[in-house]
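For reference, work12.txt (compact mmCIF, C-alpha atoms):
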# COMPACT_ATOMS: atom_id res chain seq x y z
CA MET A 581 0.00 0.00 0.00
CA TRP A 582 1.16 3.51 -0.67
CA VAL A 583 -0.19 7.02 -0.27
CA PHE A 584 0.77 9.43 -2.99
CA LEU A 585 -0.62 12.09 -5.28
CA LYS A 586 -0.78 9.94 -8.41
CA VAL A 587 -2.75 6.76 -7.73
CA GLU A 588 -4.55 5.57 -10.85
CA PRO A 589 -6.07 2.17 -11.78
CA ASP A 590 -3.57 1.51 -14.58
CA GLU A 591 -0.65 2.34 -12.30
CA VAL A 592 -2.01 0.15 -9.50
CA ASN A 593 -2.61 -2.77 -11.88
CA ALA A 594 0.89 -2.45 -13.32
CA LEU A 595 2.47 -2.38 -9.87
CA ALA A 596 0.40 -5.38 -8.77
CA GLN A 597 1.65 -7.34 -11.77
CA LEU A 598 5.25 -6.32 -11.04
CA MET A 599 4.75 -7.48 -7.46
CA THR A 600 3.59 -10.88 -8.73
CA TRP A 601 6.79 -11.39 -10.70
CA LYS A 602 8.90 -9.92 -7.88
CA THR A 603 7.69 -12.40 -5.28
CA ALA A 604 8.19 -15.24 -7.77
CA VAL A 605 11.76 -14.10 -8.51
CA ALA A 606 12.48 -13.83 -4.77
CA ASP A 607 10.98 -17.33 -4.38
CA ILE A 608 8.70 -16.43 -1.50
CA PRO A 609 5.16 -17.84 -1.18
CA TYR A 610 3.28 -14.64 -1.98
CA GLY A 611 1.26 -13.50 -4.97
CA GLY A 612 1.08 -9.87 -6.01
CA ALA A 613 -1.21 -6.97 -5.18
CA LYS A 614 -1.08 -3.22 -4.77
CA GLY A 615 -3.33 -0.52 -3.40
CA GLY A 616 -3.15 3.11 -2.52
CA ILE A 617 -4.88 6.35 -1.67
CA GLY A 618 -4.71 9.33 -4.02
CA CYS A 619 -3.51 12.24 -1.89
CA ASN A 620 -0.37 14.08 -0.91
CA PRO A 621 0.47 12.94 2.64
CA LYS A 622 2.67 16.02 3.15
CA ASP A 623 -0.45 18.18 2.95
CA LEU A 624 -2.19 16.25 5.74
CA THR A 625 -1.78 16.35 9.50
CA THR A 626 -0.98 13.20 11.44
CA SER A 627 -4.58 13.11 12.67
CA GLU A 628 -5.93 13.41 9.12
CA LEU A 629 -3.62 10.62 7.91
CA GLU A 630 -4.79 8.38 10.74
CA ARG A 631 -8.48 8.97 9.99
CA LEU A 632 -7.87 8.41 6.27
CA THR A 633 -6.01 5.15 6.93
CA ARG A 634 -8.66 3.86 9.32
CA VAL A 635 -11.53 4.59 6.91
CA PHE A 636 -9.55 2.93 4.10
CA THR A 637 -9.09 -0.14 6.31
CA GLN A 638 -12.79 -0.20 7.15
CA LYS A 639 -13.56 -0.36 3.43
CA ILE A 640 -11.14 -3.21 2.66
CA HIS A 641 -11.03 -5.27 5.88
CA ASP A 642 -13.03 -8.11 4.28
CA LEU A 643 -10.65 -8.17 1.28
CA ILE A 644 -7.41 -8.50 3.25
CA GLY A 645 -6.41 -11.25 5.65
CA VAL A 646 -3.50 -13.09 7.25
CA HIS A 647 -3.67 -15.76 4.51
CA THR A 648 -5.33 -13.61 1.83
CA ASP A 649 -3.71 -10.23 1.22
CA VAL A 650 -1.13 -8.76 3.59
CA PRO A 651 -0.47 -5.00 3.17
CA ALA A 652 3.03 -3.58 3.56
CA PRO A 653 4.38 -0.01 3.51
CA ASP A 654 5.40 1.82 0.36
CA MET A 655 5.73 5.45 -0.73
CA GLY A 656 4.08 7.92 1.63
CA THR A 657 3.45 5.32 4.34
CA SER A 658 5.40 4.19 7.37
CA ALA A 659 5.42 1.81 10.33
CA GLN A 660 2.84 4.08 11.94
CA THR A 661 0.50 3.65 8.96
CA MET A 662 0.77 -0.11 9.32
CA ALA A 663 0.03 0.17 13.06
CA TRP A 664 -3.22 2.02 12.30
CA ILE A 665 -4.23 -0.64 9.76
CA LEU A 666 -3.45 -3.41 12.26
CA ASP A 667 -5.49 -1.75 14.98
CA GLU A 668 -8.47 -1.01 12.74
CA TYR A 669 -8.48 -4.49 11.20
CA SER A 670 -8.30 -6.05 14.68
CA LYS A 671 -11.53 -4.27 15.66
CA PHE A 672 -13.32 -6.45 13.11
CA HIS A 673 -11.33 -9.69 13.27
CA GLY A 674 -9.54 -9.80 16.61
CA HIS A 675 -5.85 -9.13 17.26
CA SER A 676 -4.02 -10.18 14.08
CA PRO A 677 -0.36 -9.09 14.02
CA ALA A 678 0.31 -10.92 10.74
CA ILE A 679 -2.28 -8.84 8.84
CA VAL A 680 0.34 -6.21 7.94
CA THR A 681 4.12 -6.06 7.74
CA GLY A 682 6.46 -3.15 8.31
CA LYS A 683 4.87 -2.60 11.72
CA PRO A 684 6.60 -0.97 14.72
CA LEU A 685 8.68 -3.47 16.71
CA ASP A 686 6.39 -3.04 19.73
CA LEU A 687 3.48 -4.39 17.69
CA GLY A 688 5.24 -7.41 16.22
CA GLY A 689 7.37 -5.79 13.54
CA SER A 690 10.62 -7.37 12.45
CA LEU A 691 14.10 -6.18 13.21
CA GLY A 692 15.75 -5.11 9.97
CA ARG A 693 12.49 -4.30 8.16
CA GLU A 694 13.04 -0.53 7.99
CA ALA A 695 16.37 -0.97 6.18
CA ALA A 696 15.31 -4.06 4.23
CA THR A 697 14.68 -2.59 0.77
CA GLY A 698 17.87 -0.53 0.86
CA ARG A 699 19.89 -3.40 2.30
CA GLY A 700 18.54 -5.72 -0.39
CA VAL A 701 19.60 -3.20 -3.05
CA VAL A 702 23.12 -3.19 -1.61
CA TYR A 703 23.30 -7.00 -1.53
CA ALA A 704 22.05 -7.08 -5.13
CA THR A 705 24.63 -4.48 -6.16
CA GLU A 706 27.44 -6.42 -4.50
CA VAL A 707 26.59 -9.68 -6.25
CA LEU A 708 26.15 -7.89 -9.60
CA LEU A 709 29.53 -6.18 -9.35
CA ALA A 710 31.20 -9.40 -8.20
CA GLU A 711 29.91 -11.05 -11.37
CA HIS A 712 31.89 -8.41 -13.29
CA GLY A 713 35.01 -8.77 -11.15
CA LYS A 714 34.41 -5.54 -9.22
CA SER A 715 33.42 -4.45 -5.71
CA VAL A 716 31.59 -1.45 -4.31
CA GLN A 717 34.91 -0.02 -3.08
CA ASP A 718 36.06 0.25 -6.71
CA MET A 719 33.02 2.22 -7.91
CA SER A 720 31.46 5.66 -7.75
CA PHE A 721 27.71 5.95 -7.14
CA ALA A 722 24.93 8.44 -7.84
CA ILE A 723 21.72 7.97 -5.83
CA GLN A 724 18.49 9.54 -7.07
CA GLY A 725 16.00 9.72 -4.22
CA PHE A 726 16.98 10.06 -0.57
CA GLY A 727 13.94 8.78 1.27
CA ASN A 728 13.90 5.55 3.25
CA VAL A 729 15.37 3.41 0.46
CA GLY A 730 17.91 5.88 -0.91
CA SER A 731 19.20 6.97 2.49
CA TRP A 732 19.73 3.36 3.59
CA VAL A 733 21.44 2.51 0.30
CA ALA A 734 23.75 5.50 0.77
CA LYS A 735 24.46 4.69 4.41
CA LEU A 736 25.22 1.02 3.77
CA LEU A 737 27.33 1.66 0.66
CA HIS A 738 29.32 4.36 2.45
CA LYS A 739 29.93 1.97 5.34
CA ARG A 740 31.35 -0.52 2.83
CA GLY A 741 33.81 2.04 1.47
CA ALA A 742 31.92 3.11 -1.66
CA LYS A 743 32.32 6.62 -3.05
CA ILE A 744 28.96 8.37 -3.46
CA VAL A 745 29.49 11.35 -5.76
CA ALA A 746 25.91 12.61 -6.08
CA ALA A 747 22.58 12.35 -4.27
CA SER A 748 19.19 13.98 -4.72
CA ASP A 749 15.69 14.20 -3.31
CA VAL A 750 12.63 16.41 -3.86
CA THR A 751 14.44 19.41 -2.32
CA GLY A 752 17.39 19.32 -4.72
CA ALA A 753 20.70 17.59 -5.37
CA ILE A 754 24.29 17.63 -4.13
CA LYS A 755 27.53 16.47 -5.74
CA ASN A 756 31.12 15.97 -4.69
CA PRO A 757 33.60 14.22 -7.04
CA ASN A 758 35.71 13.20 -4.03
CA GLY A 759 32.77 11.50 -2.34
CA ILE A 760 30.02 12.79 -0.06
CA ASP A 761 30.27 12.36 3.71
CA ILE A 762 27.01 10.40 4.02
CA PRO A 763 26.67 10.43 7.85
CA ALA A 764 27.11 14.22 7.77
CA LEU A 765 24.61 14.54 4.92
CA LEU A 766 22.04 12.44 6.78
CA LYS A 767 22.47 14.60 9.88
CA HIS A 768 22.12 17.76 7.77
CA LYS A 769 18.94 16.51 6.15
CA GLU A 770 17.46 15.55 9.49
CA GLU A 771 18.21 19.01 10.89
CA THR A 772 17.25 21.16 7.89
CA GLY A 773 15.16 18.97 5.59
CA ILE A 774 17.06 20.36 2.59
CA LEU A 775 19.65 18.24 0.83
CA SER A 776 21.06 20.87 -1.55
CA SER A 777 22.18 23.25 1.22
CA PHE A 778 24.71 20.72 2.53
CA SER A 779 28.16 22.32 2.80
CA GLY A 780 30.03 19.12 2.00
CA GLY A 781 29.44 19.45 -1.72
CA SER A 782 28.01 21.72 -4.37
CA ALA A 783 24.37 22.02 -5.37
CA MET A 784 23.27 20.73 -8.75
CA ASP A 785 20.06 20.41 -10.74
CA ALA A 786 18.28 17.27 -9.59
CA ASN A 787 17.61 16.22 -13.20
CA GLU A 788 21.35 16.32 -13.92
CA LEU A 789 22.01 13.56 -11.41
CA LEU A 790 20.68 10.93 -13.80
CA VAL A 791 23.35 11.87 -16.35
CA HIS A 792 26.08 12.66 -13.82
CA GLU A 793 29.49 11.04 -14.16
CA CYS A 794 29.47 7.84 -12.10
CA ASP A 795 29.95 4.07 -12.38
CA VAL A 796 26.66 3.01 -10.80
CA LEU A 797 23.37 4.91 -10.95
CA ILE A 798 20.72 3.91 -8.40
CA PRO A 799 17.27 5.47 -8.96
CA CYS A 800 15.37 5.13 -5.66
CA ALA A 801 12.33 7.34 -6.19
CA LEU A 802 9.57 7.48 -8.80
CA GLY A 803 8.94 5.44 -11.93
CA GLY A 804 9.76 6.61 -15.44
CA VAL A 805 12.67 8.88 -14.50
CA LEU A 806 14.87 7.34 -17.20
CA ASN A 807 13.27 7.97 -20.58
CA ARG A 808 14.11 8.61 -24.20
CA GLU A 809 14.94 12.27 -23.44
CA ASN A 810 17.76 11.53 -21.01
CA ALA A 811 18.79 7.90 -21.59
CA SER A 812 21.41 8.74 -24.22
CA GLY A 813 23.13 11.04 -21.72
CA VAL A 814 23.50 8.44 -18.96
CA LYS A 815 27.19 7.89 -18.20
CA ALA A 816 26.85 5.10 -15.64
CA LYS A 817 28.04 1.61 -16.57
CA PHE A 818 25.53 -0.03 -14.23
CA ILE A 819 21.98 0.91 -13.23
CA VAL A 820 20.42 -0.70 -10.16
CA GLU A 821 16.65 -0.13 -10.13
CA ALA A 822 15.79 0.49 -6.48
CA ALA A 823 12.56 2.27 -7.51
CA ASN A 824 9.60 0.57 -9.21
CA HIS A 825 9.93 0.71 -13.03
CA PRO A 826 12.24 3.77 -13.12
CA THR A 827 13.30 2.95 -16.71
CA ASP A 828 10.71 3.18 -19.44
CA PRO A 829 10.89 0.74 -22.41
CA GLU A 830 12.44 3.23 -24.84
CA ALA A 831 15.14 4.15 -22.33
CA ASP A 832 15.76 0.49 -21.61
CA GLU A 833 16.49 -0.15 -25.28
CA ILE A 834 18.74 2.91 -25.61
CA LEU A 835 20.71 2.00 -22.48
CA SER A 836 21.05 -1.66 -23.45
CA ASN A 837 22.37 -0.67 -26.88
CA LYS A 838 24.97 1.48 -25.10
CA GLY A 839 26.10 -1.54 -23.10
CA VAL A 840 24.75 -0.35 -19.77
CA VAL A 841 24.02 -3.26 -17.42
CA ILE A 842 20.60 -2.80 -15.80
CA LEU A 843 19.64 -4.73 -12.69
CA PRO A 844 15.82 -4.81 -12.89
CA ASP A 845 13.47 -3.58 -10.20
CA ILE A 846 11.59 -6.86 -9.77
CA TYR A 847 14.82 -8.26 -8.36
CA ALA A 848 16.85 -5.28 -7.13
CA ASN A 849 14.23 -3.85 -4.77
CA ALA A 850 12.82 -7.20 -3.58
CA GLY A 851 14.50 -6.88 -0.18
CA GLY A 852 11.47 -5.11 1.29
CA VAL A 853 8.92 -7.76 0.38
CA THR A 854 11.37 -10.50 1.34
CA VAL A 855 11.77 -9.18 4.88
CA SER A 856 8.01 -8.54 4.96
CA TYR A 857 7.70 -12.28 4.34
CA PHE A 858 10.14 -12.92 7.20
CA GLU A 859 8.03 -10.66 9.45
CA TRP A 860 4.85 -12.51 8.48
CA VAL A 861 6.55 -15.86 9.23
CA GLN A 862 7.66 -14.59 12.64
CA ASN A 863 4.12 -13.40 13.45
CA ILE A 864 2.58 -16.70 12.37
CA GLN A 865 5.09 -18.66 14.46
CA GLY A 866 4.98 -16.26 17.40
CA PHE A 867 8.78 -16.40 17.47
CA MET A 868 10.88 -13.34 16.63
CA TRP A 869 14.32 -13.43 15.01
CA ASP A 870 17.35 -11.34 15.89
CA GLU A 871 18.56 -8.83 13.32
CA GLU A 872 21.62 -10.86 12.37
CA LYS A 873 19.36 -13.73 11.29
CA VAL A 874 17.05 -11.40 9.34
CA ASN A 875 19.94 -9.80 7.45
CA GLY A 876 21.67 -13.14 6.88
CA GLU A 877 18.53 -14.68 5.42
CA LEU A 878 17.95 -11.60 3.24
CA LYS A 879 21.47 -11.86 1.82
CA ARG A 880 20.94 -15.56 1.11
CA TYR A 881 17.66 -14.92 -0.71
CA MET A 882 19.05 -12.01 -2.76
CA THR A 883 22.20 -13.91 -3.73
CA ARG A 884 20.28 -17.04 -4.69
CA ALA A 885 17.78 -15.04 -6.76
CA PHE A 886 20.58 -13.33 -8.69
CA HIS A 887 22.20 -16.63 -9.62
CA ASN A 888 18.81 -18.02 -10.68
CA ILE A 889 18.33 -14.98 -12.93
CA LYS A 890 21.81 -15.41 -14.40
CA GLY A 891 20.97 -19.04 -15.09
CA MET A 892 17.96 -17.90 -17.14
CA CYS A 893 20.12 -15.35 -18.96
CA LYS A 894 22.62 -18.05 -19.95
CA THR A 895 19.88 -20.44 -21.03
CA HIS A 896 18.02 -17.91 -23.17
CA GLY A 897 20.82 -15.52 -24.11
CA CYS A 898 18.95 -12.50 -22.74
CA SER A 899 19.39 -9.43 -20.56
CA LEU A 900 19.03 -9.43 -16.79
CA ARG A 901 15.58 -7.87 -17.12
CA MET A 902 14.34 -10.57 -19.49
CA GLY A 903 16.03 -13.20 -17.35
CA ALA A 904 14.21 -11.94 -14.24
CA PHE A 905 10.83 -11.80 -15.98
CA THR A 906 11.38 -15.23 -17.52
CA LEU A 907 12.21 -16.66 -14.09
CA GLY A 908 9.18 -15.05 -12.45
CA VAL A 909 6.67 -15.90 -15.17
CA ASN A 910 7.94 -19.48 -15.44
CA ARG A 911 7.52 -20.03 -11.72
CA VAL A 912 3.97 -18.66 -11.74
CA ALA A 913 3.11 -20.68 -14.86
CA ARG A 914 4.50 -23.89 -13.35
CA ALA A 915 2.57 -23.39 -10.11
CA THR A 916 -0.59 -22.73 -12.14
CA LEU A 917 -0.16 -25.92 -14.17
CA LEU A 918 0.63 -28.00 -11.10
CA ARG A 919 -2.65 -26.87 -9.57
CA GLY A 920 -4.49 -28.06 -12.66
CA TRP A 921 -5.41 -24.63 -14.04
CA GLU A 922 -4.54 -25.46 -17.62
CA ALA A 923 -6.02 -23.25 -20.30

Translate this structure into structure tokens?
Amino acid sequence: MWVFLKVEPDEVNALAQLMTWKTAVADIPYGGAKGGIGCNPKDLTTSELERLTRVFTQKIHDLIGVHTDVPAPDMGTSAQTMAWILDEYSKFHGHSPAIVTGKPLDLGGSLGREAATGRGVVYATEVLLAEHGKSVQDMSFAIQGFGNVGSWVAKLLHKRGAKIVAASDVTGAIKNPNGIDIPALLKHKEETGILSSFSGGSAMDANELLVHECDVLIPCALGGVLNRENASGVKAKFIVEAANHPTDPEADEILSNKGVVILPDIYANAGGVTVSYFEWVQNIQGFMWDEEKVNGELKRYMTRAFHNIKGMCKTHGCSLRMGAFTLGVNRVARATLLRGWEA
């Protein structure tokens, strides 16, 4: 579930389909669904967001369920949003911690869930670069989007010795060819809310970040940011899609023809739904894991999924995107046939 200004049926259907393939690629026992509320959460008070979430839950409580459809946080939502859904759902069905994931720890949330999508992106990046004989310490990174996912990606990459030369969010962008001090930037953003006023670099146009000089570009915000207008100017050798469908089909073709290696969203950002699955498992079992176990299992799932995708690429002689979709669709098709749902 997400709360954002642009929530349209076609967009929701597309994201639900992507989620179906994503869970299949990650090899977790989920299907795919998506839902949202069309509003700008920044224009609403906390009280208004709570009332909106509770009314939304009242309308869908018979459609979701612990073994039916389990909401998780996305853009514009948070652990608090999930807590409101849990509480409202429980009024109708009794206390049901497994009805949502991404909850606060005090309500049955999982350790490691907040960082999960960003951490999964980093694990995916590491295994991709290793495949090409490189490591994150050898590369320069540009990160578009500095919300939950982008900030965790930056923090974890910086901790591993990576050089992050550019970062952006809705307030602007910052660059430093010698590498940005990420802990200082995070502190600055927390204190001021404005990325571009950070003194540890120079301000730049946020749109320029996508074509900034770097080895690895990681879009972590909205879809469709890489398109036919800017794709030819991309200088990165690798693109890791931390956002949902950030590369449109025309851009994908242009970038592929340039030799850019693109790690597709249905794999690269699957860390969030994977740890949501872990949280659901913990709630069902009534037994919580420590963070080391959560992160270790996430790394195992992300690494295994990458090698499964590469296996498809070798078999069919295709790109990572086609390999990921082939893997996901094949798994769904096989499960469908095994259940006897032949056309």

Please report, as JSON lines, each residue of stretch 836-873 of chain A lying at most 10 Å from stretch 628-650 of chain A, together with the nearest pair of atoms and the separation in Å rounded to one decimal; use all atoms listed in the file, and order rows by chain and ascending residue number.
{"residue": "A:Ser856", "atom": "CA", "partner": "A:Val650", "partner_atom": "CA", "distance": 9.2}
{"residue": "A:Tyr857", "atom": "CA", "partner": "A:Val650", "partner_atom": "CA", "distance": 9.5}
{"residue": "A:Trp860", "atom": "CA", "partner": "A:Val646", "partner_atom": "CA", "distance": 8.5}
{"residue": "A:Asn863", "atom": "CA", "partner": "A:Val646", "partner_atom": "CA", "distance": 9.8}
{"residue": "A:Ile864", "atom": "CA", "partner": "A:Val646", "partner_atom": "CA", "distance": 8.7}

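Minimum atom-to-atom distance to A:Gly851, evaluated using only C-alpha atoms, belongs to A:Val701 out of A:Val701, A:Ala596, A:Leu900, A:Ala764.
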
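Residue nearest A:Glu821 within the list A:Asn910, A:Thr854, A:Thr697, A:Gln862: A:Thr697 [criterion: smallest interatomic distance, only C-alpha atoms].
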
Scan for residues within 9 Å of the point (30.7, 18.7, -8.3) in the coordinates of the file, using all atoms listed in the file, and reply as an mmCIF file with C-alpha atoms, in the frame of the given file.
data_model
loop_
_atom_site.group_PDB
_atom_site.id
_atom_site.type_symbol
_atom_site.label_atom_id
_atom_site.label_comp_id
_atom_site.auth_asym_id
_atom_site.auth_seq_id
_atom_site.Cartn_x
_atom_site.Cartn_y
_atom_site.Cartn_z
ATOM 1 C CA VAL A 745 29.490 11.350 -5.760
ATOM 2 C CA ALA A 746 25.910 12.610 -6.080
ATOM 3 C CA ILE A 754 24.290 17.630 -4.130
ATOM 4 C CA LYS A 755 27.530 16.470 -5.740
ATOM 5 C CA ASN A 756 31.120 15.970 -4.690
ATOM 6 C CA PRO A 757 33.600 14.220 -7.040
ATOM 7 C CA ASN A 758 35.710 13.200 -4.030
ATOM 8 C CA GLY A 781 29.440 19.450 -1.720
ATOM 9 C CA SER A 782 28.010 21.720 -4.370
ATOM 10 C CA ALA A 783 24.370 22.020 -5.370
ATOM 11 C CA MET A 784 23.270 20.730 -8.750
#

(message) Let me make sure I understand: among A:Leu691, A:Ala594, A:Leu802, A:Ala747, which one has the smallest atom-to-atom distance to A:Met655 if we use all atoms listed in the file?
(response) A:Leu802

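Between A:Lys714 and the candidates A:Asp795, A:Cys800, A:Gly759, A:Ile834, the tightest atom-to-atom separation, counting only C-alpha atoms, involves A:Asp795.
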
(request) Please indicate the distance in Å from atom CA of A:Lys817 to atom CA of A:Cys898, rounded to one decimal place. (result) 17.9 Å

Would you fill out stretch 605-615 of chain A with all heavy atoms and return it as a short mmCIF file (atom, residue, chain, number, x, y, z; two decimals), in the coordinates of the input?
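So the final result, stored in result.cif, reads:
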data_model
loop_
_atom_site.label_atom_id
_atom_site.label_comp_id
_atom_site.auth_asym_id
_atom_site.auth_seq_id
_atom_site.Cartn_x
_atom_site.Cartn_y
_atom_site.Cartn_z
N VAL A 605 10.31 -14.16 -8.36
CA VAL A 605 11.76 -14.10 -8.51
C VAL A 605 12.45 -14.30 -7.16
O VAL A 605 13.45 -15.02 -7.05
CB VAL A 605 12.18 -12.74 -9.12
CG1 VAL A 605 13.69 -12.51 -8.99
CG2 VAL A 605 11.77 -12.68 -10.59
N ALA A 606 11.90 -13.69 -6.11
CA ALA A 606 12.48 -13.83 -4.77
C ALA A 606 12.24 -15.22 -4.19
O ALA A 606 12.87 -15.60 -3.20
CB ALA A 606 11.89 -12.78 -3.84
N ASP A 607 11.32 -15.97 -4.81
CA ASP A 607 10.98 -17.33 -4.38
C ASP A 607 10.40 -17.35 -2.97
O ASP A 607 10.78 -18.15 -2.12
CB ASP A 607 12.21 -18.24 -4.46
CG ASP A 607 11.82 -19.73 -4.52
OD1 ASP A 607 10.66 -20.02 -4.86
OD2 ASP A 607 12.68 -20.58 -4.22
N ILE A 608 9.44 -16.43 -2.75
CA ILE A 608 8.70 -16.43 -1.50
C ILE A 608 7.23 -16.73 -1.81
O ILE A 608 6.75 -16.41 -2.90
CB ILE A 608 8.85 -15.09 -0.74
CG1 ILE A 608 8.40 -13.90 -1.60
CG2 ILE A 608 10.29 -14.90 -0.30
CD1 ILE A 608 8.51 -12.57 -0.88
N PRO A 609 6.50 -17.35 -0.89
CA PRO A 609 5.16 -17.84 -1.18
C PRO A 609 4.08 -16.77 -1.10
O PRO A 609 3.10 -16.88 -0.35
CB PRO A 609 4.95 -18.91 -0.09
CG PRO A 609 5.75 -18.41 1.06
CD PRO A 609 6.96 -17.76 0.45
N TYR A 610 4.27 -15.72 -1.89
CA TYR A 610 3.28 -14.64 -1.98
C TYR A 610 2.83 -14.52 -3.44
O TYR A 610 3.53 -14.94 -4.36
CB TYR A 610 3.89 -13.30 -1.56
CG TYR A 610 3.98 -13.05 -0.08
CD1 TYR A 610 4.74 -11.99 0.41
CD2 TYR A 610 3.32 -13.85 0.85
CE1 TYR A 610 4.83 -11.72 1.76
CE2 TYR A 610 3.42 -13.60 2.21
CZ TYR A 610 4.17 -12.53 2.66
OH TYR A 610 4.26 -12.26 4.00
N GLY A 611 1.69 -13.88 -3.63
CA GLY A 611 1.26 -13.50 -4.97
C GLY A 611 1.66 -12.06 -5.20
O GLY A 611 2.76 -11.65 -4.84
N GLY A 612 0.76 -11.27 -5.77
CA GLY A 612 1.08 -9.87 -6.01
C GLY A 612 -0.17 -9.02 -5.96
O GLY A 612 -1.19 -9.38 -6.54
N ALA A 613 -0.09 -7.91 -5.26
CA ALA A 613 -1.21 -6.97 -5.18
C ALA A 613 -0.66 -5.59 -4.88
O ALA A 613 0.49 -5.44 -4.49
CB ALA A 613 -2.19 -7.40 -4.10
N LYS A 614 -1.48 -4.59 -5.08
CA LYS A 614 -1.08 -3.22 -4.77
C LYS A 614 -2.33 -2.42 -4.49
O LYS A 614 -3.42 -2.71 -5.02
CB LYS A 614 -0.32 -2.61 -5.96
CG LYS A 614 0.71 -1.58 -5.56
CD LYS A 614 1.90 -2.23 -4.88
CE LYS A 614 3.00 -1.23 -4.57
NZ LYS A 614 4.15 -1.86 -3.93
N GLY A 615 -2.21 -1.40 -3.69
CA GLY A 615 -3.33 -0.52 -3.40
C GLY A 615 -2.80 0.80 -2.90
O GLY A 615 -1.66 0.90 -2.48
#
